[in-house]
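Next comes upload17.txt, with compact mmCIF, C-alpha atoms.
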# COMPACT_ATOMS: atom_id res chain seq x y z
CA MET Q 1 1.79 3.35 -26.59
CA GLN Q 2 5.34 2.36 -25.81
CA LEU Q 3 5.55 -0.53 -23.41
CA PHE Q 4 8.58 -1.42 -21.33
CA LYS Q 5 10.10 2.05 -21.47
CA PRO Q 6 12.85 2.94 -18.94
CA LYS Q 7 11.85 4.90 -15.82
CA ARG Q 8 13.64 7.12 -13.35
CA ARG Q 9 14.33 5.04 -10.26
CA ILE Q 10 15.97 5.45 -6.89
CA PHE Q 11 19.23 3.53 -7.07
CA ALA Q 12 19.08 0.31 -5.06
CA SER Q 13 22.46 1.13 -3.52
CA LYS Q 14 21.09 4.37 -2.12
CA LEU Q 15 18.05 2.60 -0.70
CA ARG Q 16 20.36 0.16 1.09
CA GLU Q 17 21.89 3.15 2.88
CA MET Q 18 18.54 4.43 4.17
CA PRO Q 19 19.00 6.65 7.24
CA SER Q 20 16.95 5.33 10.16
CA ILE Q 21 16.06 6.42 13.67
CA ASN Q 22 19.01 4.41 14.96
CA ASP Q 23 21.39 6.77 13.16
CA LEU Q 24 20.18 9.87 15.03
CA ASP Q 25 20.99 11.28 18.47
CA LEU Q 26 17.54 12.39 19.62
CA LYS Q 27 18.26 13.14 23.28
CA GLY Q 28 16.09 16.08 24.34
CA ALA Q 29 15.11 16.86 20.73
CA ARG Q 30 11.71 17.65 19.27
CA VAL Q 31 11.13 14.93 16.67
CA LEU Q 32 8.58 15.81 14.03
CA VAL Q 33 7.05 12.55 12.79
CA ARG Q 34 4.83 12.24 9.71
CA VAL Q 35 2.55 9.25 10.28
CA ASP Q 36 -0.47 7.88 8.46
CA PHE Q 37 -3.32 8.06 10.95
CA ASN Q 38 -5.88 8.18 8.14
CA VAL Q 39 -8.09 5.62 9.89
CA PRO Q 40 -11.76 4.90 9.15
CA LEU Q 41 -14.27 6.45 11.57
CA ASP Q 42 -17.95 5.67 12.04
CA ASP Q 43 -20.70 8.30 12.37
CA GLN Q 44 -19.82 8.80 16.05
CA GLN Q 45 -16.12 9.28 15.18
CA ASN Q 46 -15.17 5.91 16.66
CA ILE Q 47 -12.19 4.20 15.02
CA THR Q 48 -13.33 1.08 13.13
CA ASP Q 49 -9.85 -0.16 12.12
CA ASP Q 50 -6.79 0.97 14.08
CA SER Q 51 -4.17 -1.08 12.20
CA ARG Q 52 -2.49 2.03 10.76
CA MET Q 53 -2.17 3.55 14.23
CA GLN Q 54 -0.81 0.30 15.66
CA ALA Q 55 1.83 0.16 12.93
CA HIS Q 56 3.40 3.46 14.01
CA ILE Q 57 3.61 2.72 17.75
CA PRO Q 58 7.11 1.09 17.56
CA THR Q 59 8.48 4.22 15.84
CA LEU Q 60 7.00 6.54 18.48
CA LYS Q 61 8.30 4.32 21.29
CA ALA Q 62 11.76 4.19 19.70
CA ILE Q 63 11.89 8.01 19.64
CA ILE Q 64 10.90 8.21 23.32
CA GLU Q 65 13.44 5.52 24.27
CA LYS Q 66 16.16 7.57 22.57
CA GLY Q 67 15.18 10.60 24.64
CA GLY Q 68 13.26 12.36 21.86
CA ARG Q 69 9.88 14.05 22.14
CA PRO Q 70 7.52 12.94 19.33
CA ILE Q 71 5.53 15.68 17.59
CA VAL Q 72 3.05 13.71 15.49
CA MET Q 73 1.42 15.02 12.32
CA SER Q 74 -1.02 13.32 9.98
CA HIS Q 75 -3.96 13.89 7.69
CA LEU Q 76 -7.41 12.35 8.17
CA GLY Q 77 -9.89 12.08 5.34
CA ARG Q 78 -10.38 14.72 2.67
CA PRO Q 79 -11.70 17.93 4.27
CA LYS Q 80 -13.05 20.18 1.51
CA ASP Q 81 -13.26 23.66 3.01
CA GLY Q 82 -10.82 23.98 5.89
CA PRO Q 83 -11.44 22.61 9.40
CA ASP Q 84 -14.09 19.90 9.74
CA GLU Q 85 -14.89 18.78 13.29
CA SER Q 86 -15.78 15.27 12.14
CA LEU Q 87 -12.25 14.86 10.73
CA SER Q 88 -10.35 16.29 13.69
CA LEU Q 89 -7.46 14.21 15.01
CA LYS Q 90 -8.73 14.93 18.52
CA HIS Q 91 -10.94 11.84 18.02
CA LEU Q 92 -7.76 9.72 17.99
CA VAL Q 93 -6.16 11.06 21.18
CA GLU Q 94 -7.61 8.61 23.70
CA HIS Q 95 -6.87 5.58 21.54
CA LEU Q 96 -3.32 6.78 20.91
CA ARG Q 97 -2.86 6.97 24.69
CA GLU Q 98 -4.05 3.38 25.03
CA LEU Q 99 -1.84 2.08 22.22
CA SER Q 100 1.32 3.95 23.23
CA GLY Q 101 0.97 3.70 26.99
CA VAL Q 102 2.13 7.32 27.39
CA GLU Q 103 0.46 10.70 27.86
CA VAL Q 104 -0.77 12.32 24.64
CA GLN Q 105 -1.33 16.05 24.31
CA PHE Q 106 -3.36 17.56 21.48
CA ILE Q 107 -3.35 21.01 19.93
CA ASN Q 108 -6.01 22.27 17.52
CA ASP Q 109 -3.67 23.40 14.75
CA CYS Q 110 -0.46 22.19 13.11
CA VAL Q 111 1.37 25.50 12.48
CA GLY Q 112 1.77 28.84 14.23
CA ASP Q 113 3.30 30.35 17.35
CA ALA Q 114 1.00 28.48 19.75
CA VAL Q 115 1.90 25.14 18.17
CA GLU Q 116 5.61 25.90 18.20
CA LEU Q 117 5.42 26.91 21.87
CA ALA Q 118 3.57 23.69 22.71
CA THR Q 119 6.33 21.64 21.05
CA LYS Q 120 9.00 23.42 23.09
CA GLN Q 121 7.11 22.89 26.34
CA LEU Q 122 6.35 19.22 25.71
CA PRO Q 123 7.56 17.07 28.63
CA GLU Q 124 9.79 14.06 28.00
CA GLY Q 125 7.91 10.80 27.59
CA THR Q 126 4.88 12.60 26.13
CA ILE Q 127 3.49 12.66 22.58
CA LEU Q 128 2.07 15.84 21.03
CA LEU Q 129 -0.54 15.20 18.32
CA LEU Q 130 -1.07 18.07 15.92
CA GLU Q 131 -4.37 18.83 14.18
CA ASN Q 132 -5.25 17.47 10.72
CA LEU Q 133 -2.71 18.73 8.18
CA ARG Q 134 -5.34 18.93 5.46
CA PHE Q 135 -7.29 21.59 7.33
CA HIS Q 136 -4.75 23.77 5.49
CA LYS Q 137 -5.10 23.57 1.70
CA GLU Q 138 -1.37 24.36 1.43
CA GLU Q 139 -0.58 20.80 2.61
CA THR Q 140 -1.76 19.02 -0.55
CA LYS Q 141 -0.43 21.83 -2.75
CA GLY Q 142 3.09 21.17 -1.47
CA ASP Q 143 3.40 24.80 -0.39
CA GLU Q 144 6.97 25.68 0.69
CA THR Q 145 5.93 28.38 3.16
CA PHE Q 146 3.57 25.96 4.90
CA ALA Q 147 6.30 23.29 4.92
CA LYS Q 148 8.68 25.76 6.60
CA LEU Q 149 6.06 26.55 9.26
CA LEU Q 150 5.66 22.82 9.91
CA ALA Q 151 9.45 22.45 10.12
CA ASN Q 152 9.52 25.02 12.93
CA ASN Q 153 7.83 22.37 15.11
CA GLY Q 154 10.80 20.00 15.19
CA ASP Q 155 14.57 19.65 15.47
CA PHE Q 156 14.53 16.36 13.53
CA TYR Q 157 12.17 15.01 10.88
CA ILE Q 158 11.06 11.39 10.57
CA ASN Q 159 8.85 10.21 7.72
CA ASP Q 160 7.00 7.04 8.72
CA ALA Q 161 4.02 7.39 6.37
CA PHE Q 162 4.44 4.98 3.47
CA GLY Q 163 0.77 5.40 2.57
CA THR Q 164 1.41 9.02 1.55
CA ALA Q 165 5.03 8.70 0.35
CA HIS Q 166 3.86 8.90 -3.27
CA ARG Q 167 2.40 12.38 -2.68
CA ALA Q 168 4.59 15.47 -3.04
CA HIS Q 169 2.79 17.17 -0.17
CA ALA Q 170 4.25 19.75 2.20
CA SER Q 171 4.59 17.29 5.12
CA THR Q 172 5.86 14.32 3.10
CA ALA Q 173 8.37 15.73 0.61
CA VAL Q 174 8.84 19.50 0.75
CA ILE Q 175 9.52 19.68 4.49
CA ALA Q 176 12.60 17.41 4.38
CA GLN Q 177 14.79 20.11 2.80
CA TYR Q 178 14.75 22.02 6.10
CA PHE Q 179 16.37 19.19 8.05
CA LYS Q 180 19.40 18.17 5.91
CA SER Q 181 21.31 15.63 8.05
CA LYS Q 182 18.57 15.57 10.70
CA LYS Q 183 16.05 13.40 8.86
CA ALA Q 184 15.39 9.68 8.57
CA PHE Q 185 12.87 6.97 7.79
CA GLY Q 186 10.63 5.67 10.54
CA LEU Q 187 10.37 1.95 11.21
CA VAL Q 188 7.18 1.51 9.14
CA LEU Q 189 8.48 3.28 6.04
CA LYS Q 190 11.84 1.50 6.23
CA ALA Q 191 10.14 -1.89 6.61
CA GLU Q 192 7.87 -1.18 3.62
CA ILE Q 193 10.82 -0.34 1.38
CA ASP Q 194 12.89 -3.28 2.65
CA ASN Q 195 10.07 -5.77 2.08
CA VAL Q 196 9.10 -4.55 -1.39
CA ASN Q 197 12.78 -4.63 -2.35
CA LYS Q 198 12.92 -8.29 -1.29
CA VAL Q 199 10.55 -8.93 -4.20
CA LEU Q 200 11.86 -6.39 -6.69
CA HIS Q 201 15.57 -6.92 -6.03
CA GLY Q 202 16.83 -10.38 -5.23
CA GLY Q 203 13.75 -12.41 -4.37
CA LYS Q 204 14.52 -16.14 -4.05
CA LYS Q 205 13.35 -18.07 -7.08
CA PRO Q 206 10.89 -19.11 -8.24
CA VAL Q 207 9.21 -15.71 -7.86
CA THR Q 208 5.46 -15.56 -8.42
CA ALA Q 209 3.38 -12.41 -8.77
CA ILE Q 210 -0.38 -12.67 -8.36
CA VAL Q 211 -1.93 -9.56 -9.87
CA GLY Q 212 -5.69 -9.08 -9.78
CA GLY Q 213 -8.22 -6.32 -9.52
CA ALA Q 214 -10.62 -4.76 -11.99
CA LYS Q 215 -8.66 -3.06 -14.75
CA VAL Q 216 -5.57 -3.76 -16.83
CA SER Q 217 -5.13 -0.02 -17.38
CA SER Q 218 -4.28 0.56 -13.71
CA LYS Q 219 -1.70 -2.25 -13.62
CA ILE Q 220 0.21 -1.89 -16.92
CA SER Q 221 3.25 -0.27 -15.32
CA VAL Q 222 3.25 -2.81 -12.49
CA LEU Q 223 3.28 -5.71 -14.95
CA GLU Q 224 5.92 -3.97 -17.05
CA ASN Q 225 8.22 -3.52 -14.05
CA LEU Q 226 7.65 -7.01 -12.64
CA LEU Q 227 8.26 -9.12 -15.76
CA PRO Q 228 12.09 -9.04 -15.62
CA LYS Q 229 12.01 -10.07 -11.96
CA ILE Q 230 9.52 -12.96 -11.83
CA ASP Q 231 9.06 -16.52 -13.07
CA HIS Q 232 5.27 -16.82 -12.88
CA LEU Q 233 2.54 -14.20 -13.36
CA ILE Q 234 -0.94 -15.16 -12.21
CA ILE Q 235 -3.55 -12.73 -13.55
CA GLY Q 236 -6.98 -12.73 -11.95
CA GLY Q 237 -9.99 -10.56 -11.20
CA GLY Q 238 -11.74 -8.44 -13.80
CA MET Q 239 -8.50 -7.59 -15.59
CA ALA Q 240 -8.07 -11.24 -16.64
CA PHE Q 241 -10.95 -10.97 -19.10
CA THR Q 242 -9.14 -8.35 -21.18
CA PHE Q 243 -6.30 -10.86 -21.59
CA LEU Q 244 -8.73 -13.70 -22.33
CA LYS Q 245 -10.52 -11.66 -25.00
CA ALA Q 246 -7.12 -10.71 -26.45
CA GLN Q 247 -6.53 -14.45 -26.89
CA GLY Q 248 -9.79 -14.74 -28.82
CA GLY Q 249 -11.96 -15.84 -25.92
CA LYS Q 250 -15.68 -15.14 -25.59
CA THR Q 251 -16.12 -13.06 -22.41
CA GLY Q 252 -19.86 -12.25 -22.41
CA ASN Q 253 -20.65 -9.26 -20.22
CA SER Q 254 -17.43 -9.55 -18.20
CA LEU Q 255 -15.39 -6.45 -17.53
CA VAL Q 256 -13.18 -5.93 -20.58
CA GLU Q 257 -11.14 -2.88 -21.60
CA ASP Q 258 -11.31 -3.09 -25.38
CA ASP Q 259 -8.85 -0.21 -25.72
CA PHE Q 260 -6.22 -2.36 -23.99
CA LEU Q 261 -6.54 -5.61 -25.95
CA GLU Q 262 -3.39 -4.81 -27.93
CA THR Q 263 -1.59 -3.88 -24.72
CA ALA Q 264 -2.56 -7.22 -23.19
CA GLN Q 265 -1.19 -9.02 -26.26
CA LYS Q 266 2.11 -7.13 -25.99
CA ILE Q 267 2.41 -7.99 -22.30
CA MET Q 268 1.88 -11.68 -23.09
CA GLN Q 269 4.44 -11.53 -25.91
CA GLU Q 270 6.99 -9.81 -23.66
CA ALA Q 271 6.40 -12.39 -20.91
CA GLU Q 272 7.08 -15.21 -23.37
CA LYS Q 273 10.23 -13.45 -24.56
CA GLN Q 274 11.48 -13.15 -20.96
CA GLY Q 275 10.57 -16.71 -20.02
CA VAL Q 276 7.76 -15.72 -17.68
CA LYS Q 277 4.83 -18.14 -17.54
CA ILE Q 278 1.47 -16.32 -17.52
CA HIS Q 279 -1.46 -18.09 -15.85
CA LEU Q 280 -5.00 -16.95 -16.69
CA PRO Q 281 -8.21 -18.40 -15.20
CA LEU Q 282 -9.05 -21.73 -16.85
CA ASP Q 283 -12.64 -21.59 -15.63
CA SER Q 284 -14.75 -18.88 -14.03
CA VAL Q 285 -17.70 -18.58 -11.71
CA ILE Q 286 -20.14 -16.49 -13.73
CA ALA Q 287 -23.26 -14.53 -12.82
CA ASP Q 288 -26.20 -13.04 -14.70
CA ASP Q 289 -25.98 -9.87 -12.59
CA PHE Q 290 -23.41 -8.02 -10.48
CA SER Q 291 -24.94 -9.19 -7.21
CA ASN Q 292 -24.29 -11.75 -4.50
CA GLU Q 293 -27.77 -13.13 -5.15
CA ALA Q 294 -27.32 -13.50 -8.92
CA LYS Q 295 -27.70 -16.83 -10.69
CA ARG Q 296 -24.38 -18.66 -10.87
CA ASP Q 297 -22.69 -21.12 -13.15
CA ILE Q 298 -19.14 -22.40 -13.80
CA VAL Q 299 -17.84 -22.33 -17.37
CA ASP Q 300 -14.62 -22.29 -19.39
CA SER Q 301 -13.18 -18.76 -19.04
CA LYS Q 302 -13.08 -18.34 -22.81
CA SER Q 303 -16.69 -19.44 -23.30
CA ILE Q 304 -18.78 -17.06 -21.21
CA PRO Q 305 -22.25 -16.64 -22.71
CA ASP Q 306 -23.80 -13.25 -23.54
CA GLY Q 307 -25.60 -11.71 -20.59
CA TRP Q 308 -23.24 -13.39 -18.08
CA MET Q 309 -20.09 -12.05 -16.44
CA GLY Q 310 -17.13 -13.67 -14.73
CA LEU Q 311 -16.95 -12.72 -11.05
CA ASP Q 312 -14.57 -15.31 -9.58
CA ALA Q 313 -11.94 -17.90 -10.40
CA GLY Q 314 -13.41 -21.38 -10.84
CA PRO Q 315 -12.44 -24.64 -9.09
CA GLU Q 316 -10.25 -25.89 -11.97
CA THR Q 317 -8.26 -22.64 -11.85
CA ILE Q 318 -7.77 -22.94 -8.09
CA VAL Q 319 -6.47 -26.51 -8.43
CA ALA Q 320 -4.05 -25.42 -11.19
CA LEU Q 321 -2.64 -22.54 -9.14
CA GLU Q 322 -1.90 -24.56 -6.00
CA PRO Q 323 1.35 -26.29 -7.12
CA ILE Q 324 2.65 -23.01 -8.64
CA ILE Q 325 2.20 -21.04 -5.42
CA GLU Q 326 3.33 -23.94 -3.22
CA ALA Q 327 6.62 -24.26 -5.14
CA SER Q 328 7.35 -20.52 -5.02
CA LYS Q 329 10.05 -19.09 -2.76
CA THR Q 330 8.87 -15.48 -3.19
CA VAL Q 331 5.24 -14.43 -3.67
CA LEU Q 332 3.76 -11.00 -4.30
CA TRP Q 333 -0.03 -10.65 -4.11
CA ASN Q 334 -1.55 -7.46 -5.49
CA GLY Q 335 -5.28 -7.63 -6.16
CA PRO Q 336 -8.04 -10.23 -5.53
CA LEU Q 337 -9.04 -13.00 -7.94
CA GLY Q 338 -12.74 -12.20 -7.77
CA VAL Q 339 -15.44 -10.04 -6.22
CA PHE Q 340 -14.56 -11.24 -2.72
CA GLU Q 341 -16.92 -8.71 -1.15
CA PHE Q 342 -19.74 -11.00 -2.35
CA GLU Q 343 -19.65 -14.26 -0.36
CA HIS Q 344 -20.78 -16.33 -3.35
CA PHE Q 345 -17.85 -15.02 -5.42
CA SER Q 346 -15.10 -15.06 -2.79
CA GLU Q 347 -13.82 -18.64 -3.10
CA GLY Q 348 -10.97 -17.85 -5.51
CA THR Q 349 -9.62 -15.09 -3.29
CA VAL Q 350 -10.03 -17.15 -0.09
CA LYS Q 351 -8.23 -20.15 -1.57
CA THR Q 352 -5.44 -17.89 -2.89
CA ALA Q 353 -4.95 -16.47 0.60
CA GLU Q 354 -4.81 -20.01 2.02
CA MET Q 355 -2.23 -21.08 -0.59
CA ILE Q 356 -0.06 -18.04 0.16
CA ALA Q 357 -0.28 -18.76 3.90
CA LYS Q 358 0.77 -22.36 3.23
CA ALA Q 359 3.71 -21.19 1.11
CA THR Q 360 4.76 -18.85 3.93
CA LYS Q 361 4.66 -21.71 6.41
CA GLY Q 362 6.88 -23.66 4.00
CA GLY Q 363 9.54 -20.94 4.08
CA ALA Q 364 8.53 -18.62 1.24
CA PHE Q 365 8.69 -14.84 1.57
CA THR Q 366 5.18 -13.54 0.90
CA LEU Q 367 4.18 -9.91 0.48
CA VAL Q 368 0.57 -8.74 0.28
CA GLY Q 369 0.14 -5.18 -0.99
CA GLY Q 370 -2.52 -3.02 -2.56
CA GLY Q 371 -5.80 -1.96 -1.01
CA ASP Q 372 -8.12 -4.79 -2.07
CA SER Q 373 -5.80 -7.72 -1.45
CA VAL Q 374 -4.94 -6.26 1.97
CA ALA Q 375 -8.65 -5.83 2.69
CA ALA Q 376 -9.24 -9.43 1.62
CA ILE Q 377 -6.53 -11.01 3.76
CA LYS Q 378 -7.73 -9.00 6.76
CA LYS Q 379 -11.34 -9.98 6.12
CA PHE Q 380 -10.35 -13.64 6.12
CA ASN Q 381 -8.25 -13.15 9.31
CA MET Q 382 -5.06 -14.36 7.64
CA ALA Q 383 -2.85 -11.27 7.86
CA GLU Q 384 -0.71 -12.93 10.53
CA GLN Q 385 -0.05 -15.92 8.27
CA VAL Q 386 1.96 -14.09 5.57
CA SER Q 387 5.41 -12.53 5.76
CA TYR Q 388 4.39 -8.89 5.32
CA VAL Q 389 1.23 -6.87 4.70
CA SER Q 390 1.81 -3.42 3.24
CA THR Q 391 0.13 -0.39 4.81
CA GLY Q 392 0.19 1.66 1.60
CA GLY Q 393 -2.28 1.33 -1.28
CA GLY Q 394 -1.38 3.89 -3.95
CA ALA Q 395 2.19 4.16 -2.67
CA MET Q 396 2.67 0.41 -2.90
CA LEU Q 397 1.34 0.41 -6.46
CA GLU Q 398 3.70 3.22 -7.55
CA PHE Q 399 6.66 1.55 -5.86
CA LEU Q 400 5.88 -1.69 -7.72
CA GLU Q 401 5.77 0.36 -10.92
CA GLY Q 402 9.37 1.36 -10.25
CA LYS Q 403 8.55 5.00 -9.64
CA THR Q 404 10.55 7.26 -7.36
CA LEU Q 405 8.29 8.17 -4.43
CA PRO Q 406 8.64 11.86 -3.47
CA GLY Q 407 8.48 11.11 0.26
CA VAL Q 408 11.30 8.57 -0.05
CA ALA Q 409 13.47 10.66 -2.36
CA ALA Q 410 13.21 13.67 -0.01
CA ILE Q 411 14.84 11.69 2.84
CA LEU Q 412 17.60 10.32 0.61
CA GLU Q 413 18.53 13.71 -0.83
CA ASP Q 414 21.45 15.48 0.87
File written out as structure tokens:
Amino acid sequence: MQLFKPKRRIFASKLREMPSINDLDLKGARVLVRVDFNVPLDDQQNITDDSRMQAHIPTLKAIIEKGGRPIVMSHLGRPKDGPDESLSLKHLVEHLRELSGVEVQFINDCVGDAVELATKQLPEGTILLLENLRFHKEETKGDETFAKLLANNGDFYINDAFGTAHRAHASTAVIAQYFKSKKAFGLVLKAEIDNVNKVLHGGKKPVTAIVGGAKVSSKISVLENLLPKIDHLIIGGGMAFTFLKAQGGKTGNSLVEDDFLETAQKIMQEAEKQGVKIHLPLDSVIADDFSNEAKRDIVDSKSIPDGWMGLDAGPETIVALEPIIEASKTVLWNGPLGVFEFEHFSEGTVKTAEMIAKATKGGAFTLVGGGDSVAAIKKFNMAEQVSYVSTGGGAMLEFLEGKTLPGVAAILED
């Protein structure tokens, strides 16, 4: 395995010239907007977390204020065999009315003559919500014919869905070719790129990355891309035990990827070469079972007995991390430091969130991205206390890896 290999990237200069809504004359135009309304629903199709919908409201309002008529398209869930009533976007109509404060029309398809007619008859100041894109299998296949049919629904195209920007789907990447100079980033997607670039390109030093989660294998490219840009790397969660075992530690029944011990060693060697200080858990809260009710103990992270597993950062680790995070001017948090879903093993993640909030208050730029760390900071009601919380899970991860996201590249291409 070759570590630290070069990757194809979008040039930073091109990203700085990102076309936005402000660059377009939308008066009277049909504006086709790709959003991420993939919100969780309960068994009665009630929305249980509307944060993704809330995020897109400023973009929709900006279009209306510029005289445009928003035609909104999104996916919802993973329908297997065509239309699925439980995953219809009609369940979002009333809440979209409440959030936007304008009339919302809905049509039960996203392509075809009836849809195109509805877009042309849409009154000013009204939003038209199209049916779930994934009711058509051509969406995820990136089908060009389907993309062209979608394109017939708008005069301009705005991509505001960072959460799906890493997918080369019909509505996120293929469709953009039909709009040439009539395409741009929405406010959410532009903000996501701007904020990640604050970390990846020109973050104020010292820059600290806190990378957690279960597996090293899923974060190799992230670590590889971050090392030249950071001063401190805090590794937590299950993935820390692969590094600890690579150092000769005894990890008991903790999650370890034995196939990646050599990789972990190479990452540590490269960090030392680049002057990056790696911080691993000094002590761990261990359990005799993967359960909130398991027996607990606190031990040195390199001396975990057989039959026990590390499930959280210990108190000594938390104390050691505080001055590092407090002194940082830029902080990226991607992944929890423990199994925060279990109350008895959430202390490390809670304290990390509190330290990041304190650093933010002290003037640091702090970015929280990646599904589990976002879930954690929301669970602890601290999302408002950091600089920026990313809306994209997989997309955020790929962007941190330095990959070119298809949905971003499609807007930048002439």
Per residue of stretch 141-227 of chain Q within 10 Å of stretch 276-281 of chain Q, note the shortest atom pair and the distance in Å to one decimal, counting all atoms listed in the file, and order the rows by chain and increasing residue number, as JSON lines.
{"residue": "Q:Val207", "atom": "CA", "partner": "Q:Val276", "partner_atom": "CA", "distance": 9.9}
{"residue": "Q:Thr208", "atom": "CA", "partner": "Q:Lys277", "partner_atom": "CA", "distance": 9.5}
{"residue": "Q:Ala209", "atom": "CA", "partner": "Q:Ile278", "partner_atom": "CA", "distance": 9.8}
{"residue": "Q:Ile210", "atom": "CA", "partner": "Q:His279", "partner_atom": "CA", "distance": 9.3}
{"residue": "Q:Leu227", "atom": "CA", "partner": "Q:Val276", "partner_atom": "CA", "distance": 6.9}
ask   = Restricting the calculation to only C-alpha atoms, which member of Q:Lys379, Q:Lys219, Q:Lys295, Q:His75 is positioned closest to Q:Leu89?
value =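 Going through Q:Lys379, Q:Lys219, Q:Lys295, Q:His75 one by one, the smallest distance to Q:Leu89 is for Q:His75.
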(5.6, 5.2, 21.4) in this file's frame - what residues fall within 9 Å of it? Use only C-alpha atoms and give the answer as a short mmCIF file (atom, residue, chain, number, x, y, z; two decimals) with C-alpha atoms, in the coordinates of the input.
data_model
loop_
_atom_site.label_atom_id
_atom_site.label_comp_id
_atom_site.auth_asym_id
_atom_site.auth_seq_id
_atom_site.Cartn_x
_atom_site.Cartn_y
_atom_site.Cartn_z
CA HIS Q 56 3.40 3.46 14.01
CA ILE Q 57 3.61 2.72 17.75
CA PRO Q 58 7.11 1.09 17.56
CA THR Q 59 8.48 4.22 15.84
CA LEU Q 60 7.00 6.54 18.48
CA LYS Q 61 8.30 4.32 21.29
CA ALA Q 62 11.76 4.19 19.70
CA ILE Q 63 11.89 8.01 19.64
CA ILE Q 64 10.90 8.21 23.32
CA GLU Q 65 13.44 5.52 24.27
CA PRO Q 70 7.52 12.94 19.33
CA LEU Q 99 -1.84 2.08 22.22
CA SER Q 100 1.32 3.95 23.23
CA GLY Q 101 0.97 3.70 26.99
CA VAL Q 102 2.13 7.32 27.39
CA GLY Q 125 7.91 10.80 27.59
CA THR Q 126 4.88 12.60 26.13
CA ILE Q 127 3.49 12.66 22.58
#
inquiry  = What does the structure give for the distance between atom CA of Q:Leu337 and atom CA of Q:Asp194, in Å to one decimal?
reply    =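 Atom CA of Q:Leu337 sits 26.2 Å away from atom CA of Q:Asp194.
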query = Which of these, Q:Ile298, Q:Leu311, Q:Ile356, Q:Ala375, has the shortest distance to Q:Pro323 once you count all atoms listed in the file?
reply = Q:Ile356
